[in-house]
There are 2 protein chains.
Amino acid sequence: MKIKSKNDDLEKLRIDIRDVTSDIIFQVKKRMKLSEEIGEIKKRLNIDVQDERVEQDVRKAVLKLSDKIGIDPDFSRRLLNILLMESIRLQQKKQRENELGQNPEKRETHLDIFRKAKQLEDSGKEIIHMEVGEPDFAPPKNVKKALVRAFDLGQYHYTETRGISKLCEAIAKKVGNSVAKEQVIITPGARFAVFATITSLLKAGDEMVTIEPAWPAYRECADFVGARTKVIDTTIKSKWTPDIKDLEATINDNTKMLVLNYPNNPTGKVLNDKTLLKVLSLARDRGIYLLSDEVYSDYAFNGFKSVLEYQYEKAITISSFSKAYAMTGFRIGYAIANREILAKIAKVQATAMTSVAEPIQYSALAALRVEPKQYAKYIKERLNFVTDKLQRIGLTFVYPDGAMYVFPELQNHPSVGDDITLINKLLRAGVAIAPGSGFGANYRDFVRISACQPRRLLEKGLHILSNALTSGE
Amino acid sequence: MKIKSKNDDLEKLRIDIRDVTSDIIFQVKKRMKLSEEIGEIKKRLNIDVQDERVEQDVRKAVLKLSDKIGIDPDFSRRLLNILLMESIRLQQKKQRENELGQNPEKRETHLDIFRKAKQLEDSGKEIIHMEVGEPDFAPPKNVKKALVRAFDLGQYHYTETRGISKLCEAIAKKVGNSVAKEQVIITPGARFAVFATITSLLKAGDEMVTIEPAWPAYRECADFVGARTKVIDTTIKSKWTPDIKDLEATINDNTKMLVLNYPNNPTGKVLNDKTLLKVLSLARDRGIYLLSDEVYSDYAFNGFKSVLEYQYEKAITISSFSKAYAMTGFRIGYAIANREILAKIAKVQATAMTSVAEPIQYSALAALRVEPKQYAKYIKERLNFVTDKLQRIGLTFVYPDGAMYVFPELQNHPSVGDDITLINKLLRAGVAIAPGSGFGANYRDFVRISACQPRRLLEKGLHILSNALTSGE
C-alpha cells in the first residue's frame with residue numbers, strides 16, 4: 001500500500017517534469033526568435049555576429065543566478081554554451097543568406113597543398129616541395145642501429161602508456177629545468193601531444209586563445225571537442241610581436257587556455273624575454289593553461305627561452321623528434337607538464353592508442369645521444385639563401401629568428417591576386433608553397449616558404465616564384 | 001537617426017533575451033528539484049536511476065514539440081541530453097549517499113593488472129603474464145628486413161593520412177569482399193581505429209550498444225565524447241550467444257551504433273551464421289552503425305565470417321597486425337568502411353596525428369606477404385592445454401571458438417571471493433590473470449586466462465591458480 005502511493009507520487013512527479021521540460025523548450029524557442037531578430041538587425045547594421053561584450057554580460061548574469069539558486073556552475077555553463085552556440089549559428093545563417101553562398105570558414109592549409117602536389121607528382125609532374133616543414137636530411141645514423149637492435153632484443157611489445165622509462169628520463173635530462181621523468185609522456189608526434197592536451201583540458205564551449213598566424217592544428221583540436229578558438233592577430237609591422245593589451249582583452253572568464261608557438265610557424269618569430277614574461281604573468285593572473293609548442297626550439301638562432309624556465313604550474317610544453325632529428329615519419333614527440341595535467345593527457349593516450357610503437361621509442365632514445373646542432377646550421381644557411389633571393393624579388397618579410405620558414409607579404413605584387421591564386425599558378429609551374437590564409441583568415445596576402453630543400457632546388461623554386469610575380473599570367 | 005533607432009531596438013532585444021535566459025535557468029532549477037525528488041523516491045523503492053521507458057517518453061515528447069514549433073532537432077537533442085544527464089547525475093548522487101562511499105563505476109581492467117604486474121617485476125618479483133593478449137612469438141622474419149630497407153630507402157617521412165597506397169591496396173586484397181583500397185585507413189593499432197570510429201560518428205548524448213563481457217575500450221571511447229554505453233549481457237549458460245530480443249529492446253531512437261567483437265575477447269565466442277544474420281538485419285532495420293572489431297579473425301577455429309561478407313553500408317570493420325602477426329608493439333591496425341564514413345575517420349586521424357610512422361607501415365606490408373596460420377596453430381594447442389587443466393581444476397567454461405583466451409567461472413569456488421580478491425592473491429603468488437569485472441559489471445565471478453605463454457609457463461601459472469582455489473588463504 002505504501003509502495004503503491006510512492007509509485008503514484010513518482011508518476012505525478014514524472015508528469016510535472018515533462019511539463020517543465022516542455023516549458024523550457026518553449027522558452028528556448030522564444031530565445032531563438034529574439035536571437036534571429038537580433039541577427040536581422042546586425043545584418044542590416046553590418047555588425048559582427050559574435051559580440052564579446054554582450055556575450056560576457058549574459059554569461060556573468062547566468063552564472064550569478066545559477067550560484068544564487070543553487071545550480072552546478074559546470075552544468076549551467078554547458079547549458080549556456082549550447083544556447084549561445086545555437087544563437088550564433090542562427091545569426092550566421094542569416095548573414096550568409098546575403099553572401100551568395102560564400103563560406104568564409106573554408107581555408108586551404110599547407111597540408112591541402114601538399115596533397116595537391118602529391119597528386120600532381122602521381123600524374124608524372126615534377127614538383128619542388130617548399131610547402132611542408134620536413135627536413136630533407138637523414139636522421140642520425142645510430143637511429144637505424146637502434147631500430148635493428150630493438151627488433152633483435154624483442155622490443156616490440158606494448159609499453160607503459162607514458163612511454164618507456166629510459167626515454168622519459170633522457171628527455172627530462174635533456175630539457176633540464178628540474179623536470180622529473182614522471183612529468184614526461186611520449187606521444188606519436190607533437191601533433192598528438194597537442195591533441196591530447198587540448199581535448200583533455202577543454203570542454204565544449206570553453207575558449208582557447210591562439211596568436212595568428214598559427215599552425216592550424218590547435219584550432220582543429222579545439223573544434224574536435226566543440227571548444228571555441230579566439231584569435232589575436234600579429235602583424236609584419238610589429239615584427240610579429242603579440243600585443244599584450246590585445247591578449248588581455250581577448251582572455252575572458254570563459255577562456256581556459258592560451259597557445260604559444262615559438263620559434264613560430266610560419267613567421268620564424270621568437271619572443272624576447274620581456275614579452276614572454278608578460279605573457280606568462282598574464283596566464284598566471286588569469287589562471288589559464290599555457291600550451292607552449294616548442295617543436296622548433298632546436299632551430300632557434302636568437303635567444304630562445306623555453307616556457308619551462310618560468311616554472312608555471314599550468315604550462316604544457318610540447319616538442320618532437322620530427323624537426324630536431326629529421327624524424328618526421330617516425331611520428332614521435334612528447335609533452336611535459338605537472339603530474340595532474342600529465343595524468344589527464346595520459347588518459348587520452350591510453351584511450352586512443354595504448355602507447356607509441358616500442359621500436360620507435362628506442363630509435364628516439366638513440367637520437368637523443370646526438371647533438372643536432374648540425375641540422376640547425378644547414379637550415380640557417382638555407383634561410384639566408386632564401387631571404388637573399390626574396391629580397392632581390394622585392395618581397396617584404398621579417399628575417400626569421402628560428403624555425404625553417406620565411407613568411408613574406410605579397411602586397412607589392414597586386415597583379416597576382418591572393419595567396420591561393422598565386423599558389424595554384426605556381427603548382428602548375430612546378431613548385432609548391434604554403435598559403436598564408438591557412439595560418440589565419442587575415443593572411444591572404446602572405447605565403448610560407450619552407451627552406452627544407454637543397455639549395456639547388458630552392459634556387460629553382462624561387463626562380464619560378466620570381467617569374468610568376470613579375471610576369472602576368 | 002535610423003541607425004540610432006536600430007541600435008535602440010538591439011538594446012531592447014538584448015534585454016529581452018537576457019530575461020528569457022533567466023527564465024530558462026529558473027525552469028531548469030525547477031526541473032532539477034523535481035528530478036531530485038524522483039531520485040529520493042527511487043532510492044527508497046530501490047529502483048534503478050536510469051529508466052529507459054520514461055526517458056524515451058520524454059525524448060519523444062520533446063522531439064515532437066520541437067518539430068511542431070520549429071526547433072532544429074539536433075539542437076534540441078543536445079539540449080535534452082544535457083538536461084537528462086544532469087538529472088541522472090543528481091539522482092545517482094542521491095543513491096550514493098546511501099552506499100557508504102562505494103563507487104560502482106570503478107573497475108580494474110586487464111591493463112590495470114598488467115600495470116600492477118609490471119610494478120611487481122620492477123621490484124624484483126617474477127610474474128607469469130596470463131593477463132594480457134600479447135603473443136610471445138616473434139613477428140615474421142621479413143618484418144625486420146622491411147624495417148631496415150625502409151630506413152635505407154629514406155622511407156621515414158609523413159605519408160598520406162590514410163596510409164601508404166601499397167599497404168591499403170594489400171589489405172583490400174587480403175580481406176576480399178570487393179573492398180577498394182580507398183575504403184581502407186591505416187591506424188596506430190586497432191584501438192585508434194576504434195577511437196576514431198566512435199569519436200567521429202557519435203556525439204555527446206548519443207547511445208552505443210555493446211554486448212558484454214566486452215573489451216573496455218569501446219566504452220572508454222564513448223565516454224570520451226560523452227556518448228552513453230548501453231549494455232546487453234550474455235551468459236555462460238547460453239554459450240555467450242547474445243539474445244536478439246534483448247538487443248531489439250535495447251536499441252532505441254537515440255542509439256547510433258552497435259559494437260560486435262567476434263572472435264570475442266574475453267570469451268572466445270564466434271557467432272554462427274544465423275545469429276550474425278539476425279544482428280545484421282537488426283542493424284539494417286534501425287539504420288545504425290555497426291562497428292565490428294575482428295582483431296582475432298586469424299585465430300578463429302570454428303566457421304568465422306567477417307561482417308564484410310554482408311555488405312552493410314554502415315558497417316566499420318576493424319582489424320590489426322598485433323595479434324595476427326605478433327606485432328603488438330608496432331602499433332598498427334586498420335579500419336574498413338564506405339568512403340563517407342572513412343572520410344570522417346580520416347579527419348580524426350589527420351587532426352590527432354597526421355599519419356602512422358612510415359617504417360612501421362612498410363613492416364606491416366612485409367608481414368602481409370606471410371600466411372599467419374602457424375601462429376593460430378600454436379595458440380590452439382595452448383588453449384587445449386589450458387582448457388584441459390581448467391577442467392581438471394573443476395572450473396566451468398565454454399571452449400573458445402577463437403581468440404586467445406579462456407573465460408572460466410569461479411562459482412564452484414566461493415571460498416576465493418570475487419575476481420579481484422583472487423587476482424591479488426595470485427599476483428602475490430607470481431601469476432597475473434585478468435578480472436572478469438573489467439569486461440562488464442556482471443562478471444565478477446569470472447576471470448580471463450590468456451594462452452600467450454609457452455606451455456611451461458602456462459603449466460606453472462595454472463598450478464598456482466589451482467592451489468589458490470583449493471587452499472584457504
# chains A, B, ... in the order shown; residues from 1 in each chain; ligands from 1
>>> closest_atom_pairs(of="chain B", to="chain A", cutoff="6 Å", atoms="only C-alpha atoms", output="JSON lines")
{"residue": "B:Ile17", "atom": "CA", "partner": "A:Arg31", "partner_atom": "CA", "distance": 5.9}
{"residue": "B:Ile24", "atom": "CA", "partner": "A:Ile24", "partner_atom": "CA", "distance": 5.8}
{"residue": "B:Arg31", "atom": "CA", "partner": "A:Ile17", "partner_atom": "CA", "distance": 5.9}
{"residue": "B:Tyr156", "atom": "CA", "partner": "A:Gly329", "partner_atom": "CA", "distance": 4.2}
{"residue": "B:His157", "atom": "CA", "partner": "A:Gly329", "partner_atom": "CA", "distance": 3.6}
{"residue": "B:Tyr158", "atom": "CA", "partner": "A:Gly329", "partner_atom": "CA", "distance": 4.8}
{"residue": "B:Arg191", "atom": "CA", "partner": "A:Met353", "partner_atom": "CA", "distance": 5.3}
{"residue": "B:Phe192", "atom": "CA", "partner": "A:Ala352", "partner_atom": "CA", "distance": 5.0}
{"residue": "B:Phe195", "atom": "CA", "partner": "A:Ala352", "partner_atom": "CA", "distance": 5.4}
{"residue": "B:Thr328", "atom": "CA", "partner": "A:His157", "partner_atom": "CA", "distance": 5.5}
{"residue": "B:Gly329", "atom": "CA", "partner": "A:His157", "partner_atom": "CA", "distance": 3.7}
{"residue": "B:Phe330", "atom": "CA", "partner": "A:Ala357", "partner_atom": "CA", "distance": 4.7}
{"residue": "B:Arg331", "atom": "CA", "partner": "A:Ala357", "partner_atom": "CA", "distance": 5.3}
{"residue": "B:Ala352", "atom": "CA", "partner": "A:Phe192", "partner_atom": "CA", "distance": 5.0}
{"residue": "B:Met353", "atom": "CA", "partner": "A:Phe192", "partner_atom": "CA", "distance": 5.0}
{"residue": "B:Ala357", "atom": "CA", "partner": "A:Phe330", "partner_atom": "CA", "distance": 4.6}
{"residue": "B:Glu358", "atom": "CA", "partner": "A:Gly329", "partner_atom": "CA", "distance": 5.4}
>>> residues_around(residues="Lys460 of chain A", least_positions_apart="2", cutoff="12 Å", atoms="only C-alpha atoms", output="ChimeraX atom specification")
/A:126-130,386,389,426,429-432,453-458,462-467
>>> residues_around(residues="Leu276 of chain A", least_positions_apart="2", cutoff="12 Å", atoms="only C-alpha atoms", output="ChimeraX atom specification")
/A:241-244,260-262,270-274,278-283,290,292,303-310
>>> atom_distance(atom1="atom CA of Phe446 of chain A", atom2="atom CA of Gln391 of chain A")
14.8 Å
>>> residues_around(residues="Tyr334 of chain A", least_positions_apart="4", cutoff="6 Å", atoms="only C-alpha atoms", output="ChimeraX atom specification")
/A:185-187,318-320
>>> residues_around(residues="Glu182 of chain B", least_positions_apart="6", cutoff="12 Å", atoms="only C-alpha atoms", output="ChimeraX atom specification")
/B:160-173,335-343,346
>>> write_last_selection(atoms="N, CA and C atoms", output="CSV table (one decimal), in the first residue's frame")
chain,number,residue,atom,x,y,z
B,160,GLU,N,50.5,10.0,-46.6
B,160,GLU,CA,49.0,10.3,-46.6
B,160,GLU,C,48.4,9.9,-45.3
B,161,THR,N,47.5,10.6,-44.8
B,161,THR,CA,46.8,10.3,-43.5
B,161,THR,C,46.3,8.9,-43.5
B,162,ARG,N,45.7,8.5,-44.7
B,162,ARG,CA,45.1,7.1,-44.7
B,162,ARG,C,46.1,6.0,-44.8
B,163,GLY,N,47.4,6.3,-45.0
B,163,GLY,CA,48.4,5.3,-45.1
B,163,GLY,C,49.0,5.2,-46.5
B,164,ILE,N,50.1,4.6,-46.7
B,164,ILE,CA,50.7,4.4,-48.0
B,164,ILE,C,49.8,3.6,-48.9
B,165,SER,N,49.7,3.9,-50.1
B,165,SER,CA,48.8,3.4,-51.1
B,165,SER,C,49.0,1.8,-51.2
B,166,LYS,N,50.2,1.4,-51.2
B,166,LYS,CA,50.5,-0.1,-51.4
B,166,LYS,C,49.9,-0.9,-50.2
B,167,LEU,N,50.0,-0.4,-49.0
B,167,LEU,CA,49.5,-1.1,-47.9
B,167,LEU,C,48.0,-1.2,-47.9
B,168,CYS,N,47.4,0.0,-48.2
B,168,CYS,CA,45.9,0.0,-48.3
B,168,CYS,C,45.4,-1.0,-49.3
B,169,GLU,N,46.2,-1.1,-50.4
B,169,GLU,CA,45.8,-2.0,-51.5
B,169,GLU,C,46.0,-3.4,-51.1
B,170,ALA,N,47.1,-3.7,-50.4
B,170,ALA,CA,47.4,-5.1,-50.0
B,170,ALA,C,46.3,-5.6,-49.0
B,171,ILE,N,45.9,-4.7,-48.1
B,171,ILE,CA,44.9,-5.0,-47.1
B,171,ILE,C,43.5,-5.3,-47.8
B,172,ALA,N,43.2,-4.4,-48.8
B,172,ALA,CA,42.0,-4.6,-49.5
B,172,ALA,C,42.0,-5.9,-50.2
B,173,LYS,N,43.1,-6.3,-50.7
B,173,LYS,CA,43.2,-7.6,-51.4
B,173,LYS,C,43.0,-8.7,-50.4
B,335,ALA,N,41.0,0.3,-40.4
B,335,ALA,CA,39.6,0.2,-40.4
B,335,ALA,C,39.2,0.2,-41.9
B,336,ILE,N,38.0,-0.5,-42.1
B,336,ILE,CA,37.5,-0.5,-43.5
B,336,ILE,C,36.0,-0.1,-43.4
B,337,ALA,N,35.6,0.8,-44.3
B,337,ALA,CA,34.3,1.3,-44.2
B,337,ALA,C,33.9,2.0,-45.6
B,338,ASN,N,32.7,2.4,-45.8
B,338,ASN,CA,32.4,3.1,-47.0
B,338,ASN,C,33.1,4.4,-47.1
B,339,ARG,N,33.2,5.0,-48.2
B,339,ARG,CA,34.0,6.2,-48.4
B,339,ARG,C,33.6,7.4,-47.5
B,340,GLU,N,32.3,7.5,-47.3
B,340,GLU,CA,31.8,8.7,-46.5
B,340,GLU,C,32.2,8.5,-45.0
B,341,ILE,N,32.0,7.3,-44.5
B,341,ILE,CA,32.5,7.1,-43.1
B,341,ILE,C,34.0,7.1,-43.0
B,342,LEU,N,34.7,6.6,-44.0
B,342,LEU,CA,36.1,6.6,-43.9
B,342,LEU,C,36.7,8.0,-43.9
B,343,ALA,N,36.0,8.9,-44.6
B,343,ALA,CA,36.5,10.3,-44.6
B,343,ALA,C,36.4,10.9,-43.2
B,346,ALA,N,39.2,9.4,-41.2
B,346,ALA,CA,40.5,10.0,-41.6
B,346,ALA,C,40.6,11.4,-41.0
>>> residues_around(residues="segment 398-406 of chain A", least_positions_apart="5", cutoff="8 Å", atoms="only C-alpha atoms", output="ChimeraX atom specification")
/A:133,236,239,263-270,296-297,299-302,379-380,383,386-387,448-452
>>> write_last_selection(atoms="N, CA and C atoms", output="PDB file, in the first residue's frame")
ATOM      1  N   GLY A 133      57.137  21.461 -43.788  1.00  0.00           N
ATOM      2  CA  GLY A 133      58.298  21.650 -42.922  1.00  0.00           C
ATOM      3  C   GLY A 133      58.943  20.323 -42.616  1.00  0.00           C
ATOM      4  N   ILE A 236      53.166  42.124 -39.585  1.00  0.00           N
ATOM      5  CA  ILE A 236      54.545  42.241 -40.044  1.00  0.00           C
ATOM      6  C   ILE A 236      55.147  43.564 -39.553  1.00  0.00           C
ATOM      7  N   LYS A 239      56.693  43.330 -36.321  1.00  0.00           N
ATOM      8  CA  LYS A 239      57.613  42.178 -36.360  1.00  0.00           C
ATOM      9  C   LYS A 239      57.029  40.946 -35.685  1.00  0.00           C
ATOM     10  N   PRO A 263      60.004  29.036 -31.428  1.00  0.00           N
ATOM     11  CA  PRO A 263      60.039  29.736 -32.701  1.00  0.00           C
ATOM     12  C   PRO A 263      58.771  29.438 -33.498  1.00  0.00           C
ATOM     13  N   ASN A 264      58.230  30.478 -34.106  1.00  0.00           N
ATOM     14  CA  ASN A 264      56.887  30.379 -34.662  1.00  0.00           C
ATOM     15  C   ASN A 264      56.835  29.777 -36.061  1.00  0.00           C
ATOM     16  N   ASN A 265      55.836  28.956 -36.251  1.00  0.00           N
ATOM     17  CA  ASN A 265      55.437  28.504 -37.563  1.00  0.00           C
ATOM     18  C   ASN A 265      54.181  29.300 -37.891  1.00  0.00           C
ATOM     19  N   PRO A 266      54.144  30.151 -38.880  1.00  0.00           N
ATOM     20  CA  PRO A 266      55.023  30.251 -40.042  1.00  0.00           C
ATOM     21  C   PRO A 266      56.035  31.403 -40.040  1.00  0.00           C
ATOM     22  N   THR A 267      56.043  32.283 -39.017  1.00  0.00           N
ATOM     23  CA  THR A 267      56.816  33.524 -39.187  1.00  0.00           C
ATOM     24  C   THR A 267      58.290  33.401 -38.793  1.00  0.00           C
ATOM     25  N   GLY A 268      58.640  32.376 -37.984  1.00  0.00           N
ATOM     26  CA  GLY A 268      60.014  32.256 -37.507  1.00  0.00           C
ATOM     27  C   GLY A 268      60.302  33.143 -36.312  1.00  0.00           C
ATOM     28  N   LYS A 269      59.293  33.857 -35.834  1.00  0.00           N
ATOM     29  CA  LYS A 269      59.445  34.756 -34.688  1.00  0.00           C
ATOM     30  C   LYS A 269      59.867  34.019 -33.422  1.00  0.00           C
ATOM     31  N   VAL A 270      60.740  34.652 -32.623  1.00  0.00           N
ATOM     32  CA  VAL A 270      60.999  34.206 -31.255  1.00  0.00           C
ATOM     33  C   VAL A 270      60.663  35.380 -30.334  1.00  0.00           C
ATOM     34  N   TYR A 296      60.225  23.734 -32.728  1.00  0.00           N
ATOM     35  CA  TYR A 296      61.350  24.307 -33.481  1.00  0.00           C
ATOM     36  C   TYR A 296      62.462  24.821 -32.575  1.00  0.00           C
ATOM     37  N   SER A 297      62.428  24.446 -31.300  1.00  0.00           N
ATOM     38  CA  SER A 297      63.394  25.035 -30.358  1.00  0.00           C
ATOM     39  C   SER A 297      64.849  24.737 -30.744  1.00  0.00           C
ATOM     40  N   TYR A 299      65.920  24.832 -33.656  1.00  0.00           N
ATOM     41  CA  TYR A 299      66.203  25.713 -34.799  1.00  0.00           C
ATOM     42  C   TYR A 299      65.980  27.172 -34.399  1.00  0.00           C
ATOM     43  N   ALA A 300      66.455  27.557 -33.213  1.00  0.00           N
ATOM     44  CA  ALA A 300      66.329  28.950 -32.778  1.00  0.00           C
ATOM     45  C   ALA A 300      67.688  29.611 -32.920  1.00  0.00           C
ATOM     46  N   PHE A 301      67.737  30.747 -33.641  1.00  0.00           N
ATOM     47  CA  PHE A 301      69.024  31.401 -33.865  1.00  0.00           C
ATOM     48  C   PHE A 301      69.232  32.587 -32.938  1.00  0.00           C
ATOM     49  N   ASN A 302      68.114  33.098 -32.356  1.00  0.00           N
ATOM     50  CA  ASN A 302      68.210  34.271 -31.486  1.00  0.00           C
ATOM     51  C   ASN A 302      67.594  34.003 -30.129  1.00  0.00           C
ATOM     52  N   ILE A 379      69.967  24.571 -41.954  1.00  0.00           N
ATOM     53  CA  ILE A 379      68.714  25.301 -42.186  1.00  0.00           C
ATOM     54  C   ILE A 379      68.975  26.808 -42.196  1.00  0.00           C
ATOM     55  N   LYS A 380      69.832  27.250 -41.289  1.00  0.00           N
ATOM     56  CA  LYS A 380      70.168  28.676 -41.225  1.00  0.00           C
ATOM     57  C   LYS A 380      70.789  29.132 -42.555  1.00  0.00           C
ATOM     58  N   LEU A 383      68.046  29.368 -45.037  1.00  0.00           N
ATOM     59  CA  LEU A 383      67.178  30.524 -44.810  1.00  0.00           C
ATOM     60  C   LEU A 383      67.857  31.788 -45.319  1.00  0.00           C
ATOM     61  N   VAL A 386      67.405  31.805 -49.029  1.00  0.00           N
ATOM     62  CA  VAL A 386      66.021  32.142 -49.423  1.00  0.00           C
ATOM     63  C   VAL A 386      65.741  33.628 -49.205  1.00  0.00           C
ATOM     64  N   THR A 387      66.145  34.148 -48.051  1.00  0.00           N
ATOM     65  CA  THR A 387      65.833  35.551 -47.764  1.00  0.00           C
ATOM     66  C   THR A 387      66.566  36.493 -48.727  1.00  0.00           C
ATOM     67  N   ARG A 448      53.952  31.018 -47.117  1.00  0.00           N
ATOM     68  CA  ARG A 448      55.044  30.473 -46.303  1.00  0.00           C
ATOM     69  C   ARG A 448      55.959  29.646 -47.201  1.00  0.00           C
ATOM     70  N   ILE A 449      57.244  29.992 -47.149  1.00  0.00           N
ATOM     71  CA  ILE A 449      58.231  29.273 -47.951  1.00  0.00           C
ATOM     72  C   ILE A 449      59.122  28.469 -47.012  1.00  0.00           C
ATOM     73  N   SER A 450      59.158  27.167 -47.233  1.00  0.00           N
ATOM     74  CA  SER A 450      59.921  26.282 -46.372  1.00  0.00           C
ATOM     75  C   SER A 450      61.322  26.071 -46.946  1.00  0.00           C
ATOM     76  N   ALA A 451      62.343  26.136 -46.076  1.00  0.00           N
ATOM     77  CA  ALA A 451      63.740  26.035 -46.530  1.00  0.00           C
ATOM     78  C   ALA A 451      64.285  24.618 -46.324  1.00  0.00           C
ATOM     79  N   CYS A 452      63.423  23.611 -46.514  1.00  0.00           N
ATOM     80  CA  CYS A 452      63.824  22.223 -46.242  1.00  0.00           C
ATOM     81  C   CYS A 452      64.273  21.469 -47.488  1.00  0.00           C
TER      82      CYS A 452
END
>>> select_by_dssp(residues="segment 207-423 of chain B", states="strand (DSSP E)", output="PyMOL selection string")
chain B and resi 207-212+228-233+255-260+289-293+315-320+333-336+405-406
>>> atom_distance(atom1="atom CA of Tyr378 of chain A", atom2="atom CA of Ile433 of chain A")
19.9 Å
>>> atom_distance(atom1="atom CA of Arg228 of chain B", atom2="atom CA of Ala214 of chain B")
15.3 Å
